[in-house]
file data.cif (mmCIF, C-alpha atoms)
data_run
loop_
_atom_site.group_PDB
_atom_site.id
_atom_site.type_symbol
_atom_site.label_atom_id
_atom_site.label_comp_id
_atom_site.auth_asym_id
_atom_site.auth_seq_id
_atom_site.Cartn_x
_atom_site.Cartn_y
_atom_site.Cartn_z
ATOM 1 C CA MET A 1 -32.024 11.157 -22.207
ATOM 2 C CA ALA A 2 -30.246 7.918 -21.346
ATOM 3 C CA LEU A 3 -29.287 7.411 -17.728
ATOM 4 C CA ALA A 4 -25.634 6.918 -18.659
ATOM 5 C CA ILE A 5 -25.517 10.468 -20.011
ATOM 6 C CA GLU A 6 -27.881 12.144 -17.564
ATOM 7 C CA ARG A 7 -26.120 10.991 -14.443
ATOM 8 C CA GLY A 8 -22.623 11.530 -15.756
ATOM 9 C CA THR A 9 -21.699 8.031 -14.615
ATOM 10 C CA THR A 10 -20.238 5.130 -16.522
ATOM 11 C CA LEU A 11 -22.585 2.213 -17.004
ATOM 12 C CA ARG A 12 -20.909 -1.094 -17.811
ATOM 13 C CA ALA A 13 -22.114 -3.918 -20.065
ATOM 14 C CA LEU A 14 -21.278 -7.588 -20.574
ATOM 15 C CA ASP A 15 -22.104 -9.140 -23.956
ATOM 16 C CA ILE A 16 -22.574 -12.927 -24.025
ATOM 17 C CA PHE A 17 -22.951 -14.743 -27.360
ATOM 18 C CA CYS A 18 -21.207 -11.538 -28.484
ATOM 19 C CA GLY A 19 -20.333 -12.521 -32.063
ATOM 20 C CA ILE A 20 -18.534 -9.762 -33.897
ATOM 21 C CA GLY A 21 -20.004 -7.138 -31.553
ATOM 22 C CA GLY A 22 -23.126 -5.581 -33.088
ATOM 23 C CA SER A 23 -24.941 -5.396 -29.750
ATOM 24 C CA SER A 24 -21.881 -3.939 -28.065
ATOM 25 C CA ALA A 25 -21.468 -1.319 -30.792
ATOM 26 C CA GLY A 26 -25.061 -0.264 -30.174
ATOM 27 C CA ALA A 27 -24.531 -0.235 -26.411
ATOM 28 C CA ARG A 28 -21.398 1.852 -26.762
ATOM 29 C CA ALA A 29 -23.310 4.356 -28.917
ATOM 30 C CA ALA A 30 -25.977 4.471 -26.180
ATOM 31 C CA GLY A 31 -23.367 5.479 -23.601
ATOM 32 C CA PHE A 32 -22.269 2.164 -22.094
ATOM 33 C CA ASP A 33 -18.717 1.086 -21.424
ATOM 34 C CA ILE A 34 -18.152 -2.457 -22.702
ATOM 35 C CA ALA A 35 -16.622 -4.355 -19.811
ATOM 36 C CA GLY A 36 -16.481 -7.830 -21.292
ATOM 37 C CA ALA A 37 -17.701 -10.287 -23.882
ATOM 38 C CA ILE A 38 -17.918 -14.051 -24.337
ATOM 39 C CA ASP A 39 -18.298 -16.232 -27.426
ATOM 40 C CA MET A 40 -17.180 -19.705 -28.407
ATOM 41 C CA ASP A 41 -16.112 -18.668 -31.940
ATOM 42 C CA PRO A 42 -12.420 -17.640 -31.950
ATOM 43 C CA ILE A 43 -12.800 -15.743 -35.232
ATOM 44 C CA ALA A 44 -15.659 -13.730 -33.728
ATOM 45 C CA THR A 45 -13.766 -12.936 -30.523
ATOM 46 C CA GLU A 46 -10.648 -11.953 -32.469
ATOM 47 C CA GLY A 47 -12.705 -9.452 -34.451
ATOM 48 C CA TYR A 48 -14.522 -8.323 -31.320
ATOM 49 C CA ALA A 49 -11.298 -7.638 -29.427
ATOM 50 C CA ALA A 50 -10.025 -5.492 -32.305
ATOM 51 C CA ASN A 51 -13.046 -3.196 -31.956
ATOM 52 C CA PHE A 52 -13.423 -3.101 -28.164
ATOM 53 C CA LYS A 53 -9.903 -2.606 -26.898
ATOM 54 C CA GLY A 54 -10.707 -2.274 -23.207
ATOM 55 C CA ALA A 55 -13.091 -5.209 -22.930
ATOM 56 C CA GLN A 56 -12.196 -8.493 -21.251
ATOM 57 C CA VAL A 57 -12.904 -10.952 -24.096
ATOM 58 C CA ILE A 58 -13.322 -14.635 -23.285
ATOM 59 C CA THR A 59 -13.352 -17.356 -25.932
ATOM 60 C CA GLY A 60 -15.250 -20.443 -24.829
ATOM 61 C CA ARG A 61 -18.597 -22.056 -24.211
ATOM 62 C CA LEU A 62 -20.764 -20.199 -21.755
ATOM 63 C CA GLU A 63 -21.577 -23.470 -20.000
ATOM 64 C CA SER A 64 -17.872 -23.858 -19.214
ATOM 65 C CA VAL A 65 -17.322 -20.353 -17.879
ATOM 66 C CA VAL A 66 -16.644 -20.300 -14.133
ATOM 67 C CA LEU A 67 -18.848 -17.465 -12.983
ATOM 68 C CA LYS A 68 -16.812 -16.460 -9.929
ATOM 69 C CA LYS A 69 -13.765 -16.121 -12.134
ATOM 70 C CA ALA A 70 -15.745 -14.211 -14.778
ATOM 71 C CA ILE A 71 -17.054 -11.778 -12.176
ATOM 72 C CA ALA A 72 -13.539 -11.219 -10.873
ATOM 73 C CA THR A 73 -12.315 -10.606 -14.438
ATOM 74 C CA VAL A 74 -15.146 -8.439 -15.771
ATOM 75 C CA GLY A 75 -16.302 -6.743 -12.584
ATOM 76 C CA GLN A 76 -19.695 -5.279 -11.783
ATOM 77 C CA ILE A 77 -22.038 -4.657 -14.712
ATOM 78 C CA ASP A 78 -25.243 -2.699 -15.219
ATOM 79 C CA LEU A 79 -26.363 -4.399 -18.435
ATOM 80 C CA LEU A 80 -26.322 -7.962 -19.756
ATOM 81 C CA LEU A 81 -26.559 -8.343 -23.535
ATOM 82 C CA ALA A 82 -27.250 -11.734 -25.104
ATOM 83 C CA SER A 83 -27.882 -13.022 -28.617
ATOM 84 C CA PRO A 84 -28.189 -16.793 -28.157
ATOM 85 C CA GLU A 85 -27.640 -19.214 -31.018
ATOM 86 C CA CYS A 86 -30.536 -18.815 -33.447
ATOM 87 C CA THR A 87 -29.991 -21.496 -36.114
ATOM 88 C CA ASN A 88 -32.187 -24.015 -34.353
ATOM 89 C CA HIS A 89 -35.002 -21.482 -33.970
ATOM 90 C CA THR A 90 -35.056 -19.896 -37.394
ATOM 91 C CA CYS A 91 -37.283 -21.017 -40.268
ATOM 92 C CA ALA A 92 -34.165 -20.960 -42.472
ATOM 93 C CA LYS A 93 -33.435 -24.455 -41.202
ATOM 94 C CA GLY A 94 -36.602 -25.686 -42.921
ATOM 95 C CA SER A 95 -37.857 -29.073 -41.813
ATOM 96 C CA SER A 96 -34.477 -30.236 -40.510
ATOM 97 C CA PRO A 97 -34.500 -31.522 -36.918
ATOM 98 C CA ARG A 98 -33.814 -28.933 -34.212
ATOM 99 C CA ASP A 99 -30.966 -29.351 -31.752
ATOM 100 C CA GLU A 100 -32.600 -28.878 -28.354
ATOM 101 C CA LYS A 101 -29.251 -28.705 -26.599
ATOM 102 C CA SER A 102 -28.300 -25.783 -28.824
ATOM 103 C CA ARG A 103 -31.622 -24.045 -28.166
ATOM 104 C CA ALA A 104 -31.174 -24.479 -24.429
ATOM 105 C CA THR A 105 -28.009 -22.372 -24.446
ATOM 106 C CA ALA A 106 -30.428 -19.417 -24.211
ATOM 107 C CA LEU A 107 -30.938 -20.379 -20.561
ATOM 108 C CA GLN A 108 -27.367 -19.284 -19.921
ATOM 109 C CA VAL A 109 -28.843 -15.787 -19.827
ATOM 110 C CA VAL A 110 -30.566 -16.784 -16.580
ATOM 111 C CA ARG A 111 -27.366 -18.180 -15.135
ATOM 112 C CA PHE A 112 -25.362 -15.046 -15.926
ATOM 113 C CA ALA A 113 -28.121 -12.691 -14.788
ATOM 114 C CA ARG A 114 -28.340 -14.535 -11.465
ATOM 115 C CA ALA A 115 -24.582 -14.271 -10.936
ATOM 116 C CA PHE A 116 -23.893 -10.721 -12.164
ATOM 117 C CA LYS A 117 -27.209 -9.145 -11.075
ATOM 118 C CA PRO A 118 -27.261 -6.287 -13.611
ATOM 119 C CA ARG A 119 -30.137 -3.849 -13.495
ATOM 120 C CA TRP A 120 -30.950 -4.312 -17.192
ATOM 121 C CA LEU A 121 -30.802 -7.142 -19.677
ATOM 122 C CA VAL A 122 -31.553 -7.414 -23.392
ATOM 123 C CA LEU A 123 -31.897 -10.727 -25.212
ATOM 124 C CA GLU A 124 -32.055 -10.615 -29.032
ATOM 125 C CA ASN A 125 -33.039 -13.460 -31.325
ATOM 126 C CA VAL A 126 -35.072 -14.420 -34.380
ATOM 127 C CA ILE A 127 -38.825 -14.070 -33.960
ATOM 128 C CA HIS A 128 -39.165 -17.836 -34.407
ATOM 129 C CA MET A 129 -37.780 -18.258 -30.913
ATOM 130 C CA ARG A 130 -41.237 -17.567 -29.465
ATOM 131 C CA PRO A 131 -42.822 -20.959 -30.324
ATOM 132 C CA TRP A 132 -39.917 -22.766 -28.575
ATOM 133 C CA SER A 133 -41.282 -25.019 -25.843
ATOM 134 C CA ARG A 134 -39.021 -23.443 -23.188
ATOM 135 C CA TYR A 135 -39.569 -19.820 -24.200
ATOM 136 C CA GLY A 136 -42.091 -19.240 -21.418
ATOM 137 C CA GLU A 137 -39.785 -20.938 -18.945
ATOM 138 C CA LEU A 138 -36.945 -18.615 -19.938
ATOM 139 C CA LYS A 139 -39.025 -15.508 -19.270
ATOM 140 C CA GLN A 140 -40.441 -16.905 -16.016
ATOM 141 C CA LYS A 141 -36.968 -17.642 -14.677
ATOM 142 C CA LEU A 142 -35.875 -14.106 -15.430
ATOM 143 C CA GLU A 143 -38.968 -12.763 -13.682
ATOM 144 C CA ARG A 144 -38.145 -14.868 -10.613
ATOM 145 C CA LEU A 145 -34.775 -13.129 -10.506
ATOM 146 C CA GLY A 146 -36.646 -9.861 -10.069
ATOM 147 C CA TYR A 147 -36.797 -8.602 -13.636
ATOM 148 C CA ASN A 148 -39.792 -6.866 -15.130
ATOM 149 C CA ILE A 149 -39.901 -8.437 -18.579
ATOM 150 C CA ALA A 150 -41.296 -7.136 -21.866
ATOM 151 C CA GLU A 151 -40.803 -8.139 -25.473
ATOM 152 C CA GLN A 152 -41.204 -6.603 -28.891
ATOM 153 C CA VAL A 153 -40.373 -7.311 -32.526
ATOM 154 C CA ILE A 154 -38.375 -4.595 -34.253
ATOM 155 C CA ASP A 155 -37.629 -4.113 -37.942
ATOM 156 C CA ALA A 156 -34.169 -2.614 -38.405
ATOM 157 C CA SER A 157 -35.396 -0.567 -41.379
ATOM 158 C CA ASP A 158 -37.519 1.479 -38.936
ATOM 159 C CA HIS A 159 -34.338 2.711 -37.257
ATOM 160 C CA GLY A 160 -32.152 3.981 -40.059
ATOM 161 C CA VAL A 161 -30.727 0.608 -41.091
ATOM 162 C CA PRO A 162 -30.901 -0.038 -44.867
ATOM 163 C CA GLN A 163 -32.107 -3.597 -44.346
ATOM 164 C CA SER A 164 -35.450 -5.234 -43.624
ATOM 165 C CA ARG A 165 -34.543 -7.340 -40.593
ATOM 166 C CA ARG A 166 -37.182 -8.272 -38.036
ATOM 167 C CA ARG A 167 -35.867 -9.498 -34.706
ATOM 168 C CA LEU A 168 -37.256 -10.305 -31.274
ATOM 169 C CA PHE A 169 -36.019 -8.297 -28.273
ATOM 170 C CA ILE A 170 -36.704 -9.387 -24.688
ATOM 171 C CA VAL A 171 -35.860 -6.581 -22.288
ATOM 172 C CA GLY A 172 -35.658 -6.665 -18.500
ATOM 173 C CA ASP A 173 -35.413 -4.003 -15.820
ATOM 174 C CA ARG A 174 -35.150 -4.748 -12.091
ATOM 175 C CA GLU A 175 -36.521 -1.367 -10.988
ATOM 176 C CA ARG A 176 -39.488 -0.573 -13.241
ATOM 177 C CA ALA A 177 -41.519 -1.728 -16.218
ATOM 178 C CA PRO A 178 -39.221 -1.693 -19.254
ATOM 179 C CA ARG A 179 -39.515 1.203 -21.673
ATOM 180 C CA LEU A 180 -39.913 -0.025 -25.241
ATOM 181 C CA VAL A 181 -38.614 1.631 -28.370
ATOM 182 C CA SER A 182 -41.017 3.164 -30.883
ATOM 183 C CA SER A 183 -41.742 0.769 -33.744
ATOM 184 C CA ARG A 184 -42.505 3.585 -36.173
ATOM 185 C CA ALA A 185 -40.046 4.424 -38.919
ATOM 186 C CA ARG A 186 -37.990 7.555 -38.376
ATOM 187 C CA GLY A 187 -38.278 9.368 -41.696
ATOM 188 C CA ARG A 188 -37.756 7.669 -45.029
ATOM 189 C CA ARG A 189 -36.236 4.205 -44.961
ATOM 190 C CA ARG A 190 -32.711 3.867 -46.302
ATOM 191 C CA THR A 191 -32.330 1.730 -49.393
ATOM 192 C CA VAL A 192 -29.872 -0.565 -51.152
ATOM 193 C CA ASN A 193 -28.619 2.437 -53.121
ATOM 194 C CA SER A 194 -27.231 3.907 -49.897
ATOM 195 C CA ILE A 195 -24.880 0.972 -49.229
ATOM 196 C CA LEU A 196 -23.340 0.428 -52.669
ATOM 197 C CA ASP A 197 -19.660 1.134 -53.327
ATOM 198 C CA ARG A 198 -19.466 3.643 -56.150
ATOM 199 C CA ASP A 199 -15.831 3.325 -57.204
ATOM 200 C CA GLY A 200 -16.574 0.502 -59.640
ATOM 201 C CA THR A 201 -13.407 -1.455 -58.840
ATOM 202 C CA TRP A 202 -15.069 -4.729 -57.837
ATOM 203 C CA PRO A 203 -14.744 -7.551 -60.411
ATOM 204 C CA THR A 204 -17.833 -8.254 -62.494
ATOM 205 C CA SER A 205 -18.833 -10.978 -64.918
ATOM 206 C CA PRO A 206 -21.380 -11.107 -67.753
ATOM 207 C CA LEU A 207 -24.840 -11.996 -66.509
ATOM 208 C CA HIS A 208 -25.263 -14.305 -69.492
ATOM 209 C CA ALA A 209 -22.002 -16.208 -68.941
ATOM 210 C CA PRO A 210 -22.027 -19.769 -70.372
ATOM 211 C CA ASN A 211 -21.990 -21.393 -66.921
ATOM 212 C CA ARG A 212 -24.723 -19.224 -65.408
ATOM 213 C CA ALA A 213 -27.451 -21.287 -63.704
ATOM 214 C CA PRO A 214 -30.823 -21.263 -65.512
ATOM 215 C CA ASP A 215 -32.612 -20.283 -62.274
ATOM 216 C CA THR A 216 -30.379 -17.208 -61.967
ATOM 217 C CA LEU A 217 -31.148 -16.142 -65.533
ATOM 218 C CA GLU A 218 -34.861 -16.674 -64.946
ATOM 219 C CA ARG A 219 -34.761 -14.409 -61.883
ATOM 220 C CA ALA A 220 -32.915 -11.759 -63.868
ATOM 221 C CA LYS A 221 -35.468 -12.051 -66.662
ATOM 222 C CA ARG A 222 -38.295 -11.366 -64.201
ATOM 223 C CA ALA A 223 -36.479 -8.308 -62.862
ATOM 224 C CA THR A 224 -35.792 -6.932 -66.342
ATOM 225 C CA LYS A 225 -39.412 -7.430 -67.344
ATOM 226 C CA ALA A 226 -40.580 -5.465 -64.306
ATOM 227 C CA LEU A 227 -37.981 -2.658 -64.374
ATOM 228 C CA GLY A 228 -36.805 -2.412 -67.966
ATOM 229 C CA PRO A 229 -33.489 -3.394 -69.603
ATOM 230 C CA GLU A 230 -31.618 -0.249 -68.485
ATOM 231 C CA SER A 231 -32.297 -0.694 -64.777
ATOM 232 C CA SER A 232 -30.022 -2.089 -62.089
ATOM 233 C CA PHE A 233 -31.313 -4.558 -59.487
ATOM 234 C CA LEU A 234 -30.311 -7.234 -57.010
ATOM 235 C CA LEU A 235 -30.601 -10.946 -57.549
ATOM 236 C CA VAL A 236 -31.365 -12.979 -54.438
ATOM 237 C CA TYR A 237 -29.499 -16.285 -54.295
ATOM 238 C CA TYR A 238 -30.231 -19.351 -52.190
ATOM 239 C CA GLY A 239 -33.232 -20.240 -50.121
ATOM 240 C CA THR A 240 -36.885 -19.769 -50.952
ATOM 241 C CA ASP A 241 -37.933 -16.367 -52.173
ATOM 242 C CA GLY A 242 -41.558 -15.349 -52.516
ATOM 243 C CA ALA A 243 -40.859 -12.169 -54.474
ATOM 244 C CA GLY A 244 -39.402 -13.572 -57.674
ATOM 245 C CA GLY A 245 -35.775 -13.876 -56.584
ATOM 246 C CA TRP A 246 -34.861 -10.221 -57.110
ATOM 247 C CA GLN A 247 -35.381 -6.791 -55.600
ATOM 248 C CA PRO A 248 -35.087 -3.147 -56.744
ATOM 249 C CA LEU A 249 -32.430 -0.836 -55.341
ATOM 250 C CA ASP A 250 -34.858 1.763 -53.998
ATOM 251 C CA ARG A 251 -35.911 -0.385 -51.032
ATOM 252 C CA PRO A 252 -34.088 -1.658 -47.935
ATOM 253 C CA LEU A 253 -32.030 -4.776 -48.511
ATOM 254 C CA ARG A 254 -33.721 -8.024 -47.640
ATOM 255 C CA THR A 255 -32.462 -9.818 -44.551
ATOM 256 C CA ILE A 256 -28.767 -10.605 -44.620
ATOM 257 C CA THR A 257 -28.066 -14.229 -43.765
ATOM 258 C CA THR A 258 -24.853 -16.109 -43.077
ATOM 259 C CA ILE A 259 -24.290 -16.922 -46.765
ATOM 260 C CA ASP A 260 -23.318 -14.846 -49.792
ATOM 261 C CA ARG A 261 -26.759 -14.379 -51.377
ATOM 262 C CA PHE A 262 -27.035 -10.964 -53.074
ATOM 263 C CA ALA A 263 -25.712 -10.054 -56.539
ATOM 264 C CA LEU A 264 -25.872 -6.619 -58.129
ATOM 265 C CA VAL A 265 -26.839 -6.572 -61.824
ATOM 266 C CA ARG A 266 -26.127 -3.450 -63.871
ATOM 267 C CA PRO A 267 -26.244 -2.578 -67.583
ATOM 268 C CA GLY A 268 -22.845 -2.798 -69.284
ATOM 269 C CA ASN A 269 -21.340 -1.984 -72.664
ATOM 270 C CA GLN A 270 -21.418 -5.656 -73.625
ATOM 271 C CA GLY A 271 -24.724 -6.458 -71.929
ATOM 272 C CA PRO A 272 -25.738 -6.747 -68.275
ATOM 273 C CA GLU A 273 -22.974 -7.429 -65.758
ATOM 274 C CA MET A 274 -23.173 -8.795 -62.258
ATOM 275 C CA ARG A 275 -21.117 -9.003 -59.095
ATOM 276 C CA MET A 276 -21.763 -10.132 -55.551
ATOM 277 C CA LEU A 277 -22.296 -7.532 -52.841
ATOM 278 C CA GLN A 278 -19.083 -6.982 -50.936
ATOM 279 C CA VAL A 279 -18.408 -7.287 -47.213
ATOM 280 C CA SER A 280 -18.066 -3.503 -46.951
ATOM 281 C CA GLU A 281 -21.550 -3.094 -48.437
ATOM 282 C CA LEU A 282 -23.093 -5.738 -46.210
ATOM 283 C CA LYS A 283 -21.476 -4.079 -43.193
ATOM 284 C CA ARG A 284 -23.237 -0.831 -44.122
ATOM 285 C CA ALA A 285 -26.481 -2.738 -44.582
ATOM 286 C CA MET A 286 -26.170 -3.947 -40.979
ATOM 287 C CA GLY A 287 -25.683 -0.380 -39.750
ATOM 288 C CA PHE A 288 -22.132 -0.781 -38.431
ATOM 289 C CA PRO A 289 -20.209 2.501 -38.188
ATOM 290 C CA ASP A 290 -17.475 3.143 -40.748
ATOM 291 C CA GLU A 291 -14.732 2.902 -38.114
ATOM 292 C CA PHE A 292 -15.789 -0.637 -37.137
ATOM 293 C CA THR A 293 -13.171 -3.028 -38.514
ATOM 294 C CA LEU A 294 -13.954 -6.440 -39.961
ATOM 295 C CA SER A 295 -10.673 -7.931 -41.104
ATOM 296 C CA VAL A 296 -10.696 -11.396 -39.542
ATOM 297 C CA GLY A 297 -11.040 -14.747 -41.255
ATOM 298 C CA THR A 298 -12.066 -15.313 -44.848
ATOM 299 C CA ARG A 299 -14.736 -13.536 -46.869
ATOM 300 C CA ARG A 300 -17.087 -16.383 -45.968
ATOM 301 C CA ASP A 301 -16.288 -15.930 -42.264
ATOM 302 C CA ARG A 302 -17.008 -12.201 -42.418
ATOM 303 C CA ILE A 303 -20.335 -12.686 -44.152
ATOM 304 C CA ARG A 304 -21.269 -15.331 -41.581
ATOM 305 C CA LEU A 305 -20.380 -12.982 -38.722
ATOM 306 C CA LEU A 306 -22.469 -10.201 -40.233
ATOM 307 C CA GLY A 307 -25.412 -12.512 -40.910
ATOM 308 C CA ASN A 308 -25.357 -13.668 -37.289
ATOM 309 C CA GLY A 309 -25.005 -10.136 -36.000
ATOM 310 C CA VAL A 310 -27.187 -7.482 -34.391
ATOM 311 C CA CYS A 311 -27.728 -4.124 -36.090
ATOM 312 C CA PRO A 312 -26.018 -1.542 -33.836
ATOM 313 C CA PRO A 313 -28.565 1.277 -34.437
ATOM 314 C CA VAL A 314 -31.383 -1.021 -33.324
ATOM 315 C CA MET A 315 -29.619 -1.970 -30.102
ATOM 316 C CA GLN A 316 -28.788 1.681 -29.503
ATOM 317 C CA ALA A 317 -32.484 2.551 -29.861
ATOM 318 C CA VAL A 318 -33.543 -0.297 -27.555
ATOM 319 C CA LEU A 319 -31.088 0.756 -24.856
ATOM 320 C CA SER A 320 -31.842 4.445 -25.165
ATOM 321 C CA ALA A 321 -35.506 3.664 -24.529
ATOM 322 C CA LEU A 322 -34.775 1.148 -21.766
ATOM 323 C CA THR A 323 -32.499 3.481 -19.823
ATOM 324 C CA ALA A 324 -34.379 6.735 -20.490
ATOM 325 C CA ASP A 325 -34.832 8.868 -17.404
ATOM 326 C CA ASP A 326 -38.325 9.784 -16.246
#
call {"tool": "encode", "arguments": {"input": "data.cif", "output": "structure tokens"}}
result
Amino acid sequence: MALAIERGTTLRALDIFCGIGGSSAGARAAGFDIAGAIDMDPIATEGYAANFKGAQVITGRLESVVLKKAIATVGQIDLLLASPECTNHTCAKGSSPRDEKSRATALQVVRFARAFKPRWLVLENVIHMRPWSRYGELKQKLERLGYNIAEQVIDASDHGVPQSRRRLFIVGDRERAPRLVSSRARGRRRTVNSILDRDGTWPTSPLHAPNRAPDTLERAKRATKALGPESSFLLVYYGTDGAGGWQPLDRPLRTITTIDRFALVRPGNQGPEMRMLQVSELKRAMGFPDEFTLSVGTRRDRIRLLGNGVCPPVMQAVLSALTADD
């Protein structure tokens, strides 16, 4: 049982690089009160504030935050959550040059941990953060602050999320060796079928429209050959894809990114029809609860926020393990 529940006390969390609030939603489900959050993206913080009414939400660069003022505003915390910028770590950037200044924002975790002195911390990022030249330095600095540090890679599909999404979690505990979450799947994995809207009101277009890209039609052809002409499937747009550019609906969704990349293809009266997955469906694929609102910005903004987000059930599992009583 988590300490927050066992002791009957309120444990408080601060979420830096908070984005739309996936980590905070997981922390809240694990029994934490969300005291505050910081992000430089005003669209993200607007959406965050709508979902965490009591939190002190700050919009700005972490480097510019005056810590004494932040402590006075947020108050004492028990948990520091952080999901530093990942674009310059991820393989999705290909061979493009990495921005070292952007990568180094991860060291703000050290600065905030030193100032706030929470018992626990959790840093989430893409697994490609580990080869970063300062990755060891980051962990060593946290250890010098008194944290016992551990790390693990978790696939969201192992924790009830209908998406294959592998992420790195660095966890720290000042009082004991961190407890890690089980990496084994809990029951059957949820699939694409579980996230789809069934009302049929979303606009569709013929798969074989005159302006359809040849690569798209080739991907659909491969899917139809494998599944049969009466089967529905997803097309995977953009980026390299080693599985033919499509996927069946009876598996977890592939990793959501910051771009609109999944189209649903279904048989229709006039031939196969297709539509893009909607924000509501992608929100389910990230594991956000139904009551979580995402009404800020444009469709593109919302997809970007989801693609940059943390799956709440995964963070809930991480924190439940980390704070479990003996």
call {"tool": "closest_residue", "arguments": {"input": "data.cif", "among": "A:Val310, A:Ala324, A:Met315, A:Val65", "to": "Arg179 of chain A", "atoms": "all atoms listed in the file"}}
result
A:Ala324
call {"tool": "closest_residue", "arguments": {"input": "data.cif", "among": "A:Gly172, A:Pro272, A:Gly26, A:Pro252", "to": "Val122 of chain A", "atoms": "only C-alpha atoms"}}
result
A:Gly172
call {"tool": "closest_residue", "arguments": {"input": "data.cif", "among": "A:Trp132, A:Ser164, A:Asp15, A:Glu218", "to": "Pro118 of chain A", "atoms": "only C-alpha atoms"}}
result
A:Asp15
call {"tool": "closest_residue", "arguments": {"input": "data.cif", "among": "A:Glu137, A:Asp250, A:Glu63, A:Glu273", "to": "Ser194 of chain A", "atoms": "only C-alpha atoms"}}
result
A:Asp250
call {"tool": "closest_residue", "arguments": {"input": "data.cif", "among": "A:Arg261, A:Arg166, A:Arg266, A:Lys225", "to": "Arg304 of chain A", "atoms": "only C-alpha atoms"}}
result
A:Arg261
call {"tool": "resolve_selection", "arguments": {"input": "data.cif", "expression": "the PyMOL selection byres ((chain A and resi 107) around 12)", "output": "MDAnalysis selection string"}}
result
chainID A and resid 16:17 62:63 82:85 100:106 108:114 123 134:142
call {"tool": "resolve_selection", "arguments": {"input": "data.cif", "expression": "the PyMOL selection byres ((chain A and resi 40) around 10)", "output": "VMD selection string"}}
result
chain A and resid 16 to 19 38 to 39 41 to 45 58 to 62
call {"tool": "write_last_selection", "arguments": {"input": "data.cif", "atoms": "C-alpha atoms", "output": "PDB file, in the frame of the given file"}}
result
ATOM      1  CA  ILE A  16     -22.574 -12.927 -24.025  1.00  0.00           C
ATOM      2  CA  PHE A  17     -22.951 -14.743 -27.360  1.00  0.00           C
ATOM      3  CA  CYS A  18     -21.207 -11.538 -28.484  1.00  0.00           C
ATOM      4  CA  GLY A  19     -20.333 -12.521 -32.063  1.00  0.00           C
ATOM      5  CA  ILE A  38     -17.918 -14.051 -24.337  1.00  0.00           C
ATOM      6  CA  ASP A  39     -18.298 -16.232 -27.426  1.00  0.00           C
ATOM      7  CA  ASP A  41     -16.112 -18.668 -31.940  1.00  0.00           C
ATOM      8  CA  PRO A  42     -12.420 -17.640 -31.950  1.00  0.00           C
ATOM      9  CA  ILE A  43     -12.800 -15.743 -35.232  1.00  0.00           C
ATOM     10  CA  ALA A  44     -15.659 -13.730 -33.728  1.00  0.00           C
ATOM     11  CA  THR A  45     -13.766 -12.936 -30.523  1.00  0.00           C
ATOM     12  CA  ILE A  58     -13.322 -14.635 -23.285  1.00  0.00           C
ATOM     13  CA  THR A  59     -13.352 -17.356 -25.932  1.00  0.00           C
ATOM     14  CA  GLY A  60     -15.250 -20.443 -24.829  1.00  0.00           C
ATOM     15  CA  ARG A  61     -18.597 -22.056 -24.211  1.00  0.00           C
ATOM     16  CA  LEU A  62     -20.764 -20.199 -21.755  1.00  0.00           C
TER      17      LEU A  62
END
call {"tool": "residues_around", "arguments": {"input": "data.cif", "residues": "Pro178 of chain A", "least_positions_apart": "5", "cutoff": "10 Å", "atoms": "only C-alpha atoms", "output": "NGL selection string"}}
result
:A and (120 or 147-151 or 170-173 or 321-324)
call {"tool": "residues_around", "arguments": {"input": "data.cif", "residues": "segment 28-30 of chain A", "least_positions_apart": "2", "cutoff": "6 Å", "atoms": "all atoms listed in the file", "output": "ChimeraX atom specification"}}
result
/A:24-26,32,316,320
call {"tool": "closest_residue", "arguments": {"input": "data.cif", "among": "A:Thr216, A:Asn51, A:Asn193, A:Asn308", "to": "Met286 of chain A", "atoms": "only C-alpha atoms"}}
result
A:Asn308
call {"tool": "residues_around", "arguments": {"input": "data.cif", "residues": "Leu217 of chain A", "least_positions_apart": "2", "cutoff": "12 Å", "atoms": "only C-alpha atoms", "output": "MDAnalysis selection string"}}
result
chainID A and resid 206:215 219:224 235:237 244:246 265 272:274
call {"tool": "atom_distance", "arguments": {"input": "data.cif", "atom1": "atom CA of Leu264 of chain A", "atom2": "atom CA of Lys283 of chain A"}}
result
15.8 Å
call {"tool": "resolve_selection", "arguments": {"input": "data.cif", "expression": "the PyMOL selection byres ((chain A and resi 311) around 8)", "output": "compact mmCIF listing (two decimals) with C-alpha atoms, keeping the file's coordinate frame"}}
result
# COMPACT_ATOMS: atom_id res chain seq x y z
CA GLY A 22 -23.13 -5.58 -33.09
CA SER A 23 -24.94 -5.40 -29.75
CA GLY A 26 -25.06 -0.26 -30.17
CA ALA A 156 -34.17 -2.61 -38.40
CA VAL A 161 -30.73 0.61 -41.09
CA MET A 286 -26.17 -3.95 -40.98
CA GLY A 287 -25.68 -0.38 -39.75
CA PHE A 288 -22.13 -0.78 -38.43
CA GLY A 309 -25.00 -10.14 -36.00
CA VAL A 310 -27.19 -7.48 -34.39
CA PRO A 312 -26.02 -1.54 -33.84
CA PRO A 313 -28.56 1.28 -34.44
CA VAL A 314 -31.38 -1.02 -33.32
CA MET A 315 -29.62 -1.97 -30.10
call {"tool": "atom_distance", "arguments": {"input": "data.cif", "atom1": "atom CA of Gly160 of chain A", "atom2": "atom CA of Arg254 of chain A"}}
result
14.3 Å
call {"tool": "atom_distance", "arguments": {"input": "data.cif", "atom1": "atom CA of Arg275 of chain A", "atom2": "atom CA of Pro203 of chain A"}}
result
6.7 Å
call {"tool": "residues_around", "arguments": {"input": "data.cif", "residues": "Gly307 of chain A", "least_positions_apart": "4", "cutoff": "6 Å", "atoms": "only C-alpha atoms", "output": "number ranges by chain"}}
result
A: 256-258
